[in-house]
Structure formats: structure tokens, C-alpha cells
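K.L.:
Below are the C-alpha cells for one structure; questions will follow.
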Amino acid sequence: MSGRARLALCATVATLCAAGALLPLVDPVSWMFQAAALLALMTGAGALTRRVPLARPLTIGVQVLVAVVLLTFLFAPGEAILGLVPGPDAVEEFGRLLRDGVQDVGRYAIPAPVTPGIRLLLVAGVLVIGLIVDAVAVTYRSAAPAGLPLLALYSVAAGLSQGGAGWLWFLVAAAGYLLLLLAEGRDRLSQWGRVFGATAGPGRPNGPFGDAGPAPAPVRTGRRIGALALGIALVVPAALPSLGGGLLARTGGGPGPGGGGGTISAVNPVVSLQDSLNQPVDKEVLNYRTTAADTRDLYLRIVALDHFDGASWKPSERTVTDVPERLPEPAGLSGTVDRARINTSISTAGWYAQNWLPLPYPASRVDISGRWRYEPQGRTLVGDRGQNTRGLQYQVESLQVRPTPRQLSAAPAPPEDLLREYTAVPDSLPGIVRSTARQVTHGAPTAYAKAVKLQDWFALYGGFTYNTDVRAGSGAQAIARFLTDKQGFCVHFSFSMAAMARTLGIPARVAVGFTPGTKQPDGTTSVSLRDAHAWPELYFQGIGWTRFEPTPSRGSIPDYAYQDTSGQPGDAGRPAPAPSRARTPSDGPTAAPSCGPGERRSDSGTTCTALPAASGARPSDDGTSPWAVAALALAALLVLLLPAVPLLWRLRTRSRRMAQAGVDGDGAAATLAAWRELLDTAWDFGILPDDALTPRNAAARITRIGELQPEAAAAAHRVAAAVEQVLYAPQPRPAAGLALDVQRVRAGLTAAATRGIRLRAGLAPRSAARLRWACSARWTSLLLRFRTSRPVASVRRATTALRPGRQRA
């Protein structure tokens, strides 16, 4: 294998090693096989163009063209010209897939399903990085800068992974890069010969064909430096706790199962909420069976967002502990408040994988298997070390707290530390938020009365419209813009009400989860993607964290959120609120309708309308036709068999020659076949043929360089003597046993060679270069025949046209 071919192979391996860090992010990992096959084809195209050779920019251009054709064949064959050439429709399809992929990345938790969009992002990303690495390391012969795109690929995986990519994937990616550097170093040394650490002695030539000794000193030193660097990168971060644990740090938890506390990071679980609500095809997330008589208040809570920075709501970084046998009593809940204890059995879908566990609030006991941790402030369970909600079955005992408006109105002031933490708002919060809150709650005597006025203003008489097509937005002006435009969905309503409540001195946070779902004929309740929801929770001392529902046409307003206003002055022009249960249909707990396939909710959230024809694909559809899979499998098979072509050709050639030498041992053809096999066998072991030598001198050279033992050396000289008899003697003497002599020489070369040279001679024989020469000669012959046949054909046509018979015609 030439130095540049070795570099191209190592560049492909390094790219795939770095891409391995992406494997834990998605499930299944079948996309990796597609990426590897396409990367091998693109690398092979670059290797062929460099053999021509073409200019460096043209080589890269050919590789780009091959990559585009392969991606078109895989992802948009129906829209492409002849299934390969991308046209306007294919470009539009690629744009749609890229948009869907970007949305799917934010929609799904890790590991995410491999949707068509995500598959395109992964495969195309690996191809782009592979193209850059191949261009830098192979085409421009500078392997060191190729580490930057490899680092970028690994960094993407580490950034998306929760807690960063594992140390094993870092080790694999680093090993691939070191392999690329060592291949470049070996290629550079081979251009100068063996200048360091050579073992040239009698019969051992220096140079690439006589490489029978140990690796040169720079290569050995490079390996040691690489191993030392990897060791430092892995050990030092783990040995310095001040750096945060480094690559070997555990995520979310103490050491080992059941150990101590830990922390959970401030991630935002509402990124995919809007996408879930806008899914063209509704999918069941979970279903449950409960002992509750009325499920309309049974919201399934995932996480509480309690940190407000003016731009967004996020969960604070909290300490997590082992899940206790019984969860502690909810903070602030008094024994005088009416409550009911219920049990709920929950089953999650096999595709639904995220780290937070949906629970009725407040849960008292959770019976679940797996690695889960408990966060006391939010009363949530979070997965530890990759644990997620995929295909779970668990039992939850929880409380249904039923406070009365009188109890909420009479709630005393909360503790000072809780008030300070949950009423904090940043200075960057626009003034319209505070002023609007005061205007809406003007005249309300208690914190409870202010909360009800805020809820009713959003849900009933404030002129707001429920619309899932409005962007969630971020930044300090997001809430102000929503208060002005008055269009949005549950994220806007819950975020805004919680922020306004904090400006009024009411402790507030935002909960994310699911509305109760839809009752099924078998007695279970189904919760789907469109039941994803966010709502504000306000704290009242003696009752605890209390749910409110400001989003119009979503969920249900709880009974306690309708204040008894008898005897109190009302607001001018304010319509009377509807009865508490009038907004919820009697046959199911979800107010908004459940639309079927090809439909979505209208802006008002009360009706279903048909989607446009090009509304997108199902999240679980891989978008690949069986023909495309078969073609890719065939291409991958060809790529895997391509390196075996020289070996198969060499075996066939050896078998043919040895058969000829054994059957017709006294013929000239048999003698020459045995001699050619002997020369090619020596070439396979690194002894380059020299046509300037006589057969006798060539045999002596093979004996000296190959360090043959006397028996094998005598066999080589017997074959050489037979060749000289055939070539020069007037009457050649017959020679028998030439095939056996060639086998003796091969056995002697094998015994004297190192393990590396033996493997090279067996798996990648150097003499297979004759196959390339033969193909090149045949191609040249065909070109010459084509060029010479054209003038002859022209002369014939001219002669035929001038014949007398044709003239008369």
C-alpha cells in the first residue's frame, strides 16, 4: 500500500472514530453504517482522482460531487433526476429534511429516534468532516491541522450529550487522530529512507521494500508521546476535583448506586414543547390507570422551572439524593387542608425517552426500577447515568390537595428565605411586566385574589388568543412582546403569569408536564404529544405550591381558582367567569380536541383543520426505500471486497503458475512460470525485482536479502539454473521438481521474515502491482485501438462514397 493510500485509509478511520461519540445520542445506530459506506466511497473517489492525477482543488471538487450524489441517492431519490442528480425538487427536499432535523434535535431527549432529518444531519455531518480531514491530511499532506475538524465533530457530541461524551469515546477519537499522525510520519520517513534506528545489515536493504526491522526511532517516540498525552488527558481531570471531575466525572449523582448526593444541571426541558403541540400525527406518550374518581385535575408533572433570569425560565442547579421509601410531606401543606390519597399505574411508550419522570403532584411514594434520583425542592425524579423513561412501568402514590378559596385567601406570609428566592426578578425585566401586573390586580386585597385576577385576565377577558404557531422566543423583551401581541401558547401564558406574580411579591415558578389526557373505553387514560403543557405554580403558606391555569382552551381551571366574589366590588366591564367545569368536556379531561392524522388544532384550539399536503413526515419514519438500502448494502459490500482484490488475484496467479510448473516440469513454459512465481514471492516479502540482474545473480540477491537457509538457497539456485538452461543453452537439460523448489524458497522467506512482513505478504502482496500494470496496459491498448480505428473508418467511408456505383446512384 502506498503512503498516500495509507493516509487516506487512516483519515477515514480517524473520522469514524470521532463520529463514534455521536452513537449514544440516537437510537438505533444504523445511520453509522450508512455514513461509513458513503465515507468509504467518497474517500475511494478521492484516491482514484489522486492517481490520475488531478489538481488538488479538482480532487476535492470530485469528492464533493460524489458526496452530493450519494446523499441524493440516499435521502431524495424520488425528487432527483434519474435518482442521482439533484434538481430543484431534491434541493427543496433537502431543505425540508434539514429543517425537520434541527427541530427534531430540540424535540427529543437523548437518545433520540433517528428521524429522516436527524439521519441527514448525522450522515452529512460525518461526510463533511471526512471530506475536510481527507483534503487536509491526504490531498495537501498536512495531518496535524486535520485534528481541528475531528475535534469539532467530537465537541458537537460532547456538547449534546448530557454530562459530555464518555471517556471511552474520547479515547477512541484521540486514538484515531494519533493513528493519522503516525501514518503521516511513516509516509514522510519512507520518502527519505531509513535514517534512524535502521537495522541494515547483511541481506537487509534500507527503504520501503526492505522494511524488515523495527519501527524507526521517530515513529516509536511518536507512539510513546501519544500514549503519554492520552494518559494525561484522562487522568489529570479526574485527579483534580477543582476542575469539575473532567472526562471521568459522573453525571447527576454520587459515586455508585445508592451513594450520597449530587447535582443536576440547569437544562431547559421546554424546548420541544411547541414542536410536540404542532406534530401532524399525534402519538401516545404514556397511559395510566388511577384510583382517582375525577382525573381532570390529575396533571402529570415532569419538572419545575424556578430560575428566572429575565429571558427564560430554567430549573435551578439542585442537589439530588437517593429516592426515599416515602417522599416527605409537601412543603407548606397544612393538616387542615382537605386531601385524598390516590394510586396511579403509569406505562410509558417505547419511543418516549427523556430524563425526567412524569408524576402526579405531589407524589408520596414512587415504586420504579432503574437508576433514579430525587430532587427535594421540585419533588421530581431524574434519571442517573443514562436512565430515561423509555418503556417504563411504575406505580405512584400521590395526594389530591383540595384547598378552598377561603383557605387560600387567609394564607399567611411565606417564610422569608422562600419569599426571597421565588420572588426574585432581574433588573432587565421590562417595566411593562410590572406595571401591567399592578394594573390587572388593582384593588385585589390578598395574594390569592391577585393570582385569580391574573389567571382570569389571561384566560377569560384579556383578549388573548391561543396560537401554537407563535414562536416561543427568548430575551428580556419576550414577555413584553407577548403582553402586547396577545398571541401565544402555554409557554407564553405560564411564563408571563409567573413573572408577573413575582413582581407582585407572590412566590411563583413554572411546571412542565402533561394535561390529564383522554379517557379510553378500557378504563385507562391516554396522554399524547398534544397534551404537553406548561402552567404556573404559586406558593401559599399552609397549602404549598398550587396550580393555576391561565392558558385559554387548555386544561382545566381548578375549583379553588374561582374566588367567591359575593359582596366584593367587581371590575367595570369585566365579564363574569364561567362555571369551573364548563370549560372541560364531560367525556375526557382534555379541553382541546384530539385531532386525527393529517389534522391540527385551529388557532382557537377548539376545532381541527386539515394540514397541507406537504406537512412533513412522521418522526419515526426513516424515509429510506428498500431499493436504496439494497443499493447501499451492495456498495458497502463492494467497498469491503475491494481491498481483497489484490489478494485474490495473487492467489489465483500463484495457483496457475504452480500447476503449470508441476504438470509440465520439463517444458520452457513451466520453467519460466516457476521463475516468475519465485520472483513475485520474493517481491511479496519486500525484495524488489531487478531486471538488470541475470537469473543466477537474482537468486543470489534473494538468498542474501531474504537470509535463506542452505536448503531454500539451493532450491532458488536450481530454479535459476533451469531458467538459464531454457534461455541460453542450445539443448536445454530437463529440470524436474521446480514447483517444489519454489515452495521451499517461500517457506524459507516466511521463516526469516518478521510477523509484520509475513502479514503483508499474505494479505497485501506487493507483487499484485502487476494487476494494476496489466489493467493500465489494457486500457492504453484500447485507447490506441479506438484512436487508430477512427481514421480507418473515415477513409473507408470516403472510399465507399467515391465508388462508381454510388456515383451513378
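Letters A, B, ... mark the chains of the C-alpha cells in the order given; residue numbers begin at 1 per chain; ligand numbers begin at 1, in order shown.
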Could you give me, as a list in words, the residues within 6 Å of range 520-537 of chain A, counting only C-alpha atoms and dropping anything in the same chain fewer than 5 positions from it?
P.N.:
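Result of the neighbour search: Ser276, Leu277, Asp282, Lys283, Glu284, Val285, Leu286, Asn287, Tyr288, Arg289, Cys490, Val491, Ser494, Ala498, Ala508, Arg509, Val510, Ala511, Val512, Gly513, Phe514, Thr515, Trp545, Thr546, Arg547 and Phe548 of chain A.
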K.L.:
Using N, CA and C atoms, can you write the selected residues to a file as a CSV table (one decimal), in the first residue's frame?
P.N.:
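Saved to out22.csv:
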chain,number,residue,atom,x,y,z
A,276,SER,N,-44.0,19.5,20.0
A,276,SER,CA,-44.9,18.4,20.3
A,276,SER,C,-46.4,18.8,20.0
A,277,LEU,N,-46.7,20.1,20.3
A,277,LEU,CA,-48.1,20.5,20.1
A,277,LEU,C,-48.4,20.7,18.6
A,282,ASP,N,-50.5,12.8,16.0
A,282,ASP,CA,-50.4,12.7,17.4
A,282,ASP,C,-50.0,11.3,17.8
A,283,LYS,N,-49.1,11.2,18.8
A,283,LYS,CA,-48.6,9.9,19.3
A,283,LYS,C,-48.8,9.8,20.8
A,284,GLU,N,-49.1,8.6,21.2
A,284,GLU,CA,-49.3,8.4,22.7
A,284,GLU,C,-47.9,8.4,23.4
A,285,VAL,N,-47.8,9.2,24.4
A,285,VAL,CA,-46.6,9.3,25.2
A,285,VAL,C,-46.7,8.3,26.3
A,286,LEU,N,-47.8,8.2,27.0
A,286,LEU,CA,-48.0,7.3,28.1
A,286,LEU,C,-49.5,7.0,28.3
A,287,ASN,N,-49.8,6.0,29.1
A,287,ASN,CA,-51.2,5.8,29.5
A,287,ASN,C,-51.1,5.4,31.0
A,288,TYR,N,-52.2,5.6,31.7
A,288,TYR,CA,-52.2,5.3,33.1
A,288,TYR,C,-53.6,4.8,33.5
A,289,ARG,N,-53.7,4.2,34.7
A,289,ARG,CA,-54.9,3.8,35.3
A,289,ARG,C,-54.8,4.2,36.8
A,490,CYS,N,-49.1,27.8,25.7
A,490,CYS,CA,-49.0,27.6,27.1
A,490,CYS,C,-47.6,28.2,27.7
A,491,VAL,N,-46.6,28.1,26.9
A,491,VAL,CA,-45.3,28.6,27.4
A,491,VAL,C,-45.4,30.1,27.7
A,494,SER,N,-47.9,30.7,30.8
A,494,SER,CA,-47.3,30.4,32.1
A,494,SER,C,-46.1,31.2,32.5
A,498,ALA,N,-46.2,33.8,35.8
A,498,ALA,CA,-45.3,33.6,36.9
A,498,ALA,C,-44.4,34.8,37.1
A,508,ALA,N,-43.5,32.2,42.8
A,508,ALA,CA,-44.0,31.6,41.6
A,508,ALA,C,-42.9,30.8,40.9
A,509,ARG,N,-43.3,29.8,40.2
A,509,ARG,CA,-42.4,29.0,39.4
A,509,ARG,C,-43.3,28.4,38.2
A,510,VAL,N,-42.7,27.8,37.3
A,510,VAL,CA,-43.4,27.2,36.1
A,510,VAL,C,-43.2,25.7,36.2
A,511,ALA,N,-44.3,24.9,36.0
A,511,ALA,CA,-44.2,23.5,35.9
A,511,ALA,C,-44.4,23.1,34.5
A,512,VAL,N,-43.7,22.0,34.1
A,512,VAL,CA,-43.8,21.5,32.7
A,512,VAL,C,-44.2,20.0,32.8
A,513,GLY,N,-45.2,19.6,32.0
A,513,GLY,CA,-45.6,18.2,32.0
A,513,GLY,C,-46.7,18.0,31.0
A,514,PHE,N,-47.7,17.2,31.5
A,514,PHE,CA,-48.8,16.9,30.6
A,514,PHE,C,-50.2,17.1,31.3
A,515,THR,N,-51.1,17.6,30.5
A,515,THR,CA,-52.5,17.6,31.0
A,515,THR,C,-53.0,16.2,31.2
A,545,TRP,N,-47.3,24.6,47.0
A,545,TRP,CA,-47.3,25.0,45.6
A,545,TRP,C,-48.7,24.6,45.0
A,546,THR,N,-49.3,25.6,44.4
A,546,THR,CA,-50.7,25.5,43.9
A,546,THR,C,-50.8,25.8,42.4
A,547,ARG,N,-51.4,24.9,41.7
A,547,ARG,CA,-51.6,25.1,40.2
A,547,ARG,C,-52.6,26.1,39.8
A,548,PHE,N,-52.3,26.9,38.8
A,548,PHE,CA,-53.3,27.8,38.2
A,548,PHE,C,-53.2,27.6,36.7
K.L.:
Wanna dump the range 385-481 of chain A-range 347-364 of chain A contacts at 8 Å for me, each residue with its shortest atom pair and the distance in Å to one decimal, counting only C-alpha atoms, ordered by chain and number, as a tab-separated table?
P.N.:
residue	atom	partner	partner_atom	distance
A:Gly386	CA	A:Asn355	CA	7.9
A:Gln387	CA	A:Asn355	CA	6.6
A:Asn388	CA	A:Asn355	CA	4.6
A:Thr389	CA	A:Ala353	CA	4.9
A:Arg390	CA	A:Ala353	CA	4.5
A:Gly391	CA	A:Gly350	CA	4.2
A:Leu392	CA	A:Thr348	CA	5.2
A:Gln393	CA	A:Ser347	CA	4.5
A:Tyr394	CA	A:Ser347	CA	6.7
A:Val396	CA	A:Ala363	CA	6.7
A:Glu397	CA	A:Ser364	CA	5.5
A:Ser398	CA	A:Ala363	CA	4.0
A:Leu399	CA	A:Pro362	CA	5.7
A:Gln400	CA	A:Pro362	CA	7.6
K.L.:
Store the residues of this selection in a file with N, CA and C atoms, as an mmCIF file, in the first residue's frame.
P.N.:
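What follows is the written file part-v4.cif:
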data_model
loop_
_atom_site.group_PDB
_atom_site.id
_atom_site.type_symbol
_atom_site.label_atom_id
_atom_site.label_comp_id
_atom_site.auth_asym_id
_atom_site.auth_seq_id
_atom_site.Cartn_x
_atom_site.Cartn_y
_atom_site.Cartn_z
ATOM 1 N N GLY A 386 -27.625 7.916 32.338
ATOM 2 C CA GLY A 386 -28.284 7.436 31.130
ATOM 3 C C GLY A 386 -29.670 6.867 31.326
ATOM 4 N N GLN A 387 -30.185 6.799 32.533
ATOM 5 C CA GLN A 387 -31.535 6.287 32.765
ATOM 6 C C GLN A 387 -32.555 7.241 32.154
ATOM 7 N N ASN A 388 -33.545 6.706 31.446
ATOM 8 C CA ASN A 388 -34.592 7.533 30.866
ATOM 9 C C ASN A 388 -35.931 6.827 30.994
ATOM 10 N N THR A 389 -36.956 7.420 30.401
ATOM 11 C CA THR A 389 -38.333 6.961 30.593
ATOM 12 C C THR A 389 -38.787 5.976 29.534
ATOM 13 N N ARG A 390 -37.912 5.480 28.709
ATOM 14 C CA ARG A 390 -38.307 4.612 27.601
ATOM 15 C C ARG A 390 -38.913 3.296 28.115
ATOM 16 N N GLY A 391 -40.185 3.041 27.746
ATOM 17 C CA GLY A 391 -40.830 1.767 28.028
ATOM 18 C C GLY A 391 -40.902 1.398 29.497
ATOM 19 N N LEU A 392 -41.229 2.356 30.381
ATOM 20 C CA LEU A 392 -41.268 2.088 31.823
ATOM 21 C C LEU A 392 -42.675 1.720 32.277
ATOM 22 N N GLN A 393 -42.739 1.006 33.379
ATOM 23 C CA GLN A 393 -43.974 0.773 34.114
ATOM 24 C C GLN A 393 -43.684 1.044 35.589
ATOM 25 N N TYR A 394 -44.473 1.925 36.200
ATOM 26 C CA TYR A 394 -44.210 2.276 37.590
ATOM 27 C C TYR A 394 -45.513 2.681 38.278
ATOM 28 N N VAL A 396 -47.322 5.029 41.371
ATOM 29 C CA VAL A 396 -47.171 6.286 42.100
ATOM 30 C C VAL A 396 -48.331 6.437 43.075
ATOM 31 N N GLU A 397 -47.984 6.723 44.314
ATOM 32 C CA GLU A 397 -48.985 7.135 45.299
ATOM 33 C C GLU A 397 -48.856 8.637 45.469
ATOM 34 N N SER A 398 -49.964 9.349 45.342
ATOM 35 C CA SER A 398 -49.911 10.814 45.379
ATOM 36 C C SER A 398 -51.114 11.365 46.119
ATOM 37 N N LEU A 399 -51.071 12.671 46.338
ATOM 38 C CA LEU A 399 -52.146 13.370 47.039
ATOM 39 C C LEU A 399 -52.914 14.254 46.061
ATOM 40 N N GLN A 400 -54.226 14.303 46.255
ATOM 41 C CA GLN A 400 -55.041 15.308 45.580
ATOM 42 C C GLN A 400 -55.426 16.350 46.637
#
K.L.:
List the neighbours of Val114 in chain A out to 7 Å using only C-alpha atoms; skip same-chain residues closer than 5 positions along the sequence, and give me the result as a list in words.
P.N.:
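Everything that qualifies: Val26, Asp27, Pro28, Arg119 and Asp622 of chain A.
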K.L.:
Could those residues be written to a file, using N, CA and C atoms, as a PDB file, in the first residue's frame?
P.N.:
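Output file selection-v4.pdb follows:
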ATOM      1  N   VAL A  26     -28.334   8.879  19.658  1.00  0.00           N
ATOM      2  CA  VAL A  26     -29.503   8.449  18.902  1.00  0.00           C
ATOM      3  C   VAL A  26     -29.635   6.938  18.998  1.00  0.00           C
ATOM      4  N   ASP A  27     -30.811   6.455  18.666  1.00  0.00           N
ATOM      5  CA  ASP A  27     -31.088   5.028  18.681  1.00  0.00           C
ATOM      6  C   ASP A  27     -32.119   4.737  17.591  1.00  0.00           C
ATOM      7  N   PRO A  28     -31.852   3.809  16.653  1.00  0.00           N
ATOM      8  CA  PRO A  28     -30.716   2.883  16.603  1.00  0.00           C
ATOM      9  C   PRO A  28     -29.493   3.518  15.951  1.00  0.00           C
ATOM     10  N   ARG A 119     -31.151  11.773  10.699  1.00  0.00           N
ATOM     11  CA  ARG A 119     -30.262  10.907   9.925  1.00  0.00           C
ATOM     12  C   ARG A 119     -29.472  11.724   8.903  1.00  0.00           C
ATOM     13  N   ASP A 622     -38.078   6.430   8.684  1.00  0.00           N
ATOM     14  CA  ASP A 622     -36.681   6.637   8.307  1.00  0.00           C
ATOM     15  C   ASP A 622     -36.537   7.125   6.882  1.00  0.00           C
TER      16      ASP A 622
END
K.L.:
With distances taken over only C-alpha atoms, which residue among A:Arg654, A:Arg365, A:Arg778, A:Arg760 lies nearest Val323 in chain A?
P.N.:
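Among A:Arg654, A:Arg365, A:Arg778, A:Arg760, it is A:Arg365 that comes nearest to Val323 in chain A.
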K.L.:
Can you tell me which residues surround Leu642 in chain A at a distance of at most 12 Å, considering only C-alpha atoms, apart from same-chain residues fewer than 6 positions away, and format the answer as a VMD selection string?
P.N.:
chain A and resid 40 to 41 44 635 to 636 648 to 649 764
K.L.:
Quick one: everything within 10 Å of Pro86 in chain A, counting only C-alpha atoms, minus sequence neighbours fewer than 3 positions away in the same chain. Send it as a list in words.
P.N.:
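In the requested form, the answer reads Val68, Val69, Leu71, Thr72, Phe73, Ala76, Pro77, Glu79, Ala80, Ile81, Leu82, Gly83, Asp89, Ala90, Val91, Glu92, Glu93 and Phe94 of chain A.
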K.L.:
Would you kindly return, as an mmCIF file with C-alpha atoms, in the first residue's frame, each protein, DNA or RNA residue with an atom no farther than 9 Å from any atom of range 723-738 of chain A, considering only C-alpha atoms and excluding same-chain residues fewer than 6 positions away?
P.N.:
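So part.cif came out as:
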data_model
loop_
_atom_site.group_PDB
_atom_site.id
_atom_site.type_symbol
_atom_site.label_atom_id
_atom_site.label_comp_id
_atom_site.auth_asym_id
_atom_site.auth_seq_id
_atom_site.Cartn_x
_atom_site.Cartn_y
_atom_site.Cartn_z
ATOM 1 C CA MET A 658 2.424 -23.738 -9.687
ATOM 2 C CA ALA A 661 5.293 -25.909 -13.217
ATOM 3 C CA GLY A 662 4.178 -29.170 -11.589
ATOM 4 C CA ASP A 664 4.905 -29.884 -17.273
ATOM 5 C CA GLY A 665 8.179 -29.737 -15.362
ATOM 6 C CA ASP A 666 10.494 -30.160 -18.361
ATOM 7 C CA GLY A 667 8.962 -27.511 -20.617
ATOM 8 C CA ALA A 668 10.194 -23.971 -21.176
ATOM 9 C CA ALA A 670 6.764 -24.398 -16.943
ATOM 10 C CA THR A 671 10.309 -23.267 -16.080
ATOM 11 C CA LEU A 672 9.529 -19.617 -16.797
ATOM 12 C CA ALA A 674 8.218 -21.206 -11.782
ATOM 13 C CA TRP A 675 10.788 -18.407 -12.131
ATOM 14 C CA THR A 694 20.930 -12.408 -14.509
ATOM 15 C CA PRO A 695 18.891 -15.278 -13.047
ATOM 16 C CA ARG A 696 21.963 -16.512 -11.156
ATOM 17 C CA ALA A 715 16.297 -24.506 -4.300
#
K.L.:
Tell me, as a list in words, which residues lie within 10 Å of Gly332 in chain A, counting only C-alpha atoms; anything in the same chain fewer than 6 positions away does not count.
P.N.:
Pro414, Pro415, Tyr539, Phe540, Gln541, Gly542, Ile543, Gly544 and Trp545 of chain A
K.L.:
To one decimal place, how far is CA of Ala311 in chain A from CA of Gln477 in chain A in Å?
P.N.:
7.6 Å
K.L.:
Counting only C-alpha atoms, which residue out of A:Val433, A:Leu749, A:Ala669, A:Val440 sits closest to Leu708 in chain A?
P.N.:
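Among the listed residues, the smallest separation from Leu708 in chain A belongs to A:Leu749.
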K.L.:
Could you tell me how far CA of Leu23 in chain A lies from CA of Tyr177 in chain A, in Å and to one decimal?
P.N.:
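So the answer is 18.2 Å.
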K.L.:
To test your reading of the structure, identify every residue in range 266-515 of chain A that backbone DSSP assigns to strand (DSSP E), and report it as a count of residues only.
P.N.:
69
